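Take a look at the structure set out below.
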Amino acid sequence: MTTNEPHANDAAVPLSFPRQYARTQRFTLGAPRGFTVSPDGGRVVFLRSTSGTHREQLLWVLDLSAGAAVRERVAADPSELLGGAAERLSAEERARRERSREGSAGIVSYAVDRAVELAAFPLSGRLFTAELRAGTARELTVPGPVIDPRPSPDGRHVAYVARGALRVVGAEGEGDRALAEPEGPECSYGLAEFVAAEEMGRARGFWWSPESDRLLVARVDESPVARWWIADPARPEAEPQRVAYPAAGTANAEVRLFLIGLDGDRREVLWDRARYPYLARVHWSADGPPLLLAQARDQRLQAYLAVDAATGETRTVHVDEDPVWLDLHPGTPVWDPQGRLVRIADEGGARVLEVGDRALTGGALQLRSVLDVGANDVLVSAAAGAEAKDPELGELHVYRVNELGVERVSEGPGIHSAVRGGEVTVLSSARVDAPGSVTRVLRDGRELAVIASYAEQPVLSARVHLVEGGARRIPCAVLLPAGYREGDGLLPVLMDPYGGPHGQRVVAAHNAHVTSQWFADQGFAVVVADGRGAPGRSPEWEKEIAGDLTKTLEDQVEALRGLAGTFPLDLERVAIRGWSYGGYLAAMAVLRRPDVFHAAVVGAPVTDLRLYDTHYTERYLGGTPQERPEVYRANSLVWDGELTEAEGPARPMMIIHGLADDNVVVAHSLKLSSALLAAGRPHEVLPLSGVTHMTPQEQIAENLLLLQVDFLKRSL
């Protein structure tokens, strides 16, 4: 029987940092996550594994009932439910986890009814439910493999997807039936298409009505999308995987939306899909009619649409326009209890919260997401804005906002997030001077409990200097070797950025910097810089890279040189490492600025921007490759077999790429390697067989760190 204590056999000989980092999945295992608070404030539901090295997530309940002692209990244990059998994932479930960068096992997601009394979740493609008050869990026998099961608000039914069909079953397992079945192999009902899950932050494809009598269901037709093949050269006997990939300038999946009743009634939701082809958000609550956010393909225009649930007709509630692009924000749009539209908008140079036709915040805050909408306030996540008195470098706080003003809920420098239900708030806080995070349960500001974390503490401590570098005041984190003393001399420099849009790395949280500290302890001064394009300062800061991603490289150079007078940086020995956008940036650095950068570790880079997806690439480059070929060429590293720009001298480059990556396909690195070879530029290529855009495999993740250090020391 699983208890709420960590496994006793986890106390062992301390591991090296690379092995510990890999085994703990970046110190995320054992940490509580995925919180839901019941509206009556009686329960907090969450996920957590039983130790800092066990991947299997369990479903837990923290009881807060009046008169009872606060206690944690297991609501569902995957090992018990599967009888000890190994978990088996369908191709669809593996794809969902890849899109969400989910590397753990067991119950990795769940959904609940309105009262938070019934939870539903998939395991090994089978459907399970848990009675959260009683603490019992069981399987409902239905066709599989099951994807994304969700109880109806009244808890009487569970809807789910199996083999592209949206199905519904009674909460007791009775009356299973299909509500919508795919018309062909390229169609599905109830699933999010690739760009929605990868780029828009919409992982869902169906939504229950508040009355529990019908659903809004997305129908996805992938037949217009080009087909690519993902092969594993290490297994020549295996058939390549066929995937639908909407590369920039090519066709997207066709997405339509239907109202489907439990009685079989079906009506299509009608909007101008030619003008607004992207279904970015769907919201359906008792506070108003179904609400859609639909975007134009160029993402400079979007419409908030209210749906007539009786006819499927839509009316426009609001329209946003922006000459550069429009961002999508978590938790929006929604209705408040008065039926007013709640959204985040860029107004007057600030990113503000708007309720109805009124902005409730200004330039002192940079809104990031809406966390909860209550009867009297809106709970939001925000950073310090351009007009803030204190820049609060790398911090993220929780605020209550209403017509009377703004009140900060979180306390102390750090990264804070929250989930709320009724009068109970779950507040998670990470600080730069302490590992991990602390999760407190509050009622009306009074602490009721602290939810235990079993996450391991890193075997090293990150000593982070959060500073601003250069004339642009670029946010930076600087880390020096343990034991370094003033007078020890200059250090070789390792720039360690992500450096691109939506990827803030300079944060006031300890664990975010432990890998950089480990590299520093190998004898480097490590600099992490968030230049233009990174979130956290202002809309203008983020959008300044539009059409010109090389500005992100300019900012790395400016940060480096701006910090050299304050920190012991040897500008004659500078390397750079990165993954994904960071890999693209690292390759660009040694190709275009070899006067500054002397070696690069290039992980999973995008090198030909025509080969990356529509929603991301067309947003940042301002159109399609057909419309702006010169912009695509200028921002790509390779073009038609040649390097687009390469200054001398040639610098050492280690290219790393997972062969099973279906997000940034390995063709990017192969094209870069071929172009480097044609130009006579020596380089190293490290292909990772069976590895996707994530690297959760323990031995691979550990050895990648060790091999990078070896390369950097050889190269510098």
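Following the order of the structure tokens, chains are lettered A, B, ..., residues in each are numbered from 1, and ligands are numbered from 1.
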
### Task
List every residue of range 355-521 of chain A that DSSP, applied to the backbone, labels as strand (DSSP E or B), and write the result as a PyMOL selection string.
chain A and resi 355+358-359+365-373+378-384+396-402+405-408+415-421+424-431+434-443+446-451+464-469+474-479+491-495

### Message
Considering only helix (DSSP H, G or I) as DSSP defines it on the backbone, what residues of range 383-567 of chain A qualify? List them as a ChimeraX atom specification.
### Response
/A:510-521,539-543,550-563

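As for CA of Leu677 in chain A and CA of Glu642 in chain A, they are spaced 9.8 Å apart.
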
### Query
Which residues come within 8 Å of Arg420 in chain A, counting only C-alpha atoms, excluding same-chain residues fewer than 5 positions away, as a VMD selection string?
chain A and resid 36 to 37 371 to 372 425 to 426

### Message
I need the residue nearest Val142 in chain A from this list: A:Val169, A:Ala306, A:Ala231, A:Ala350. Use only C-alpha atoms for the distance.
### Response
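Of A:Val169, A:Ala306, A:Ala231, A:Ala350, the one nearest Val142 in chain A is A:Val169, counting only C-alpha atoms.
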
### Task
Take CA of Ser152 in chain A and CA of Tyr189 in chain A and report the distance between them in Å, one decimal.
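Interatomic distance, CA of Ser152 in chain A to CA of Tyr189 in chain A: 17.2 Å.
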
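Distances to Pro629 in chain A were evaluated for A:Leu609, A:Leu563, A:Leu706, A:Val526 using only C-alpha atoms, and the minimum falls at A:Leu609.
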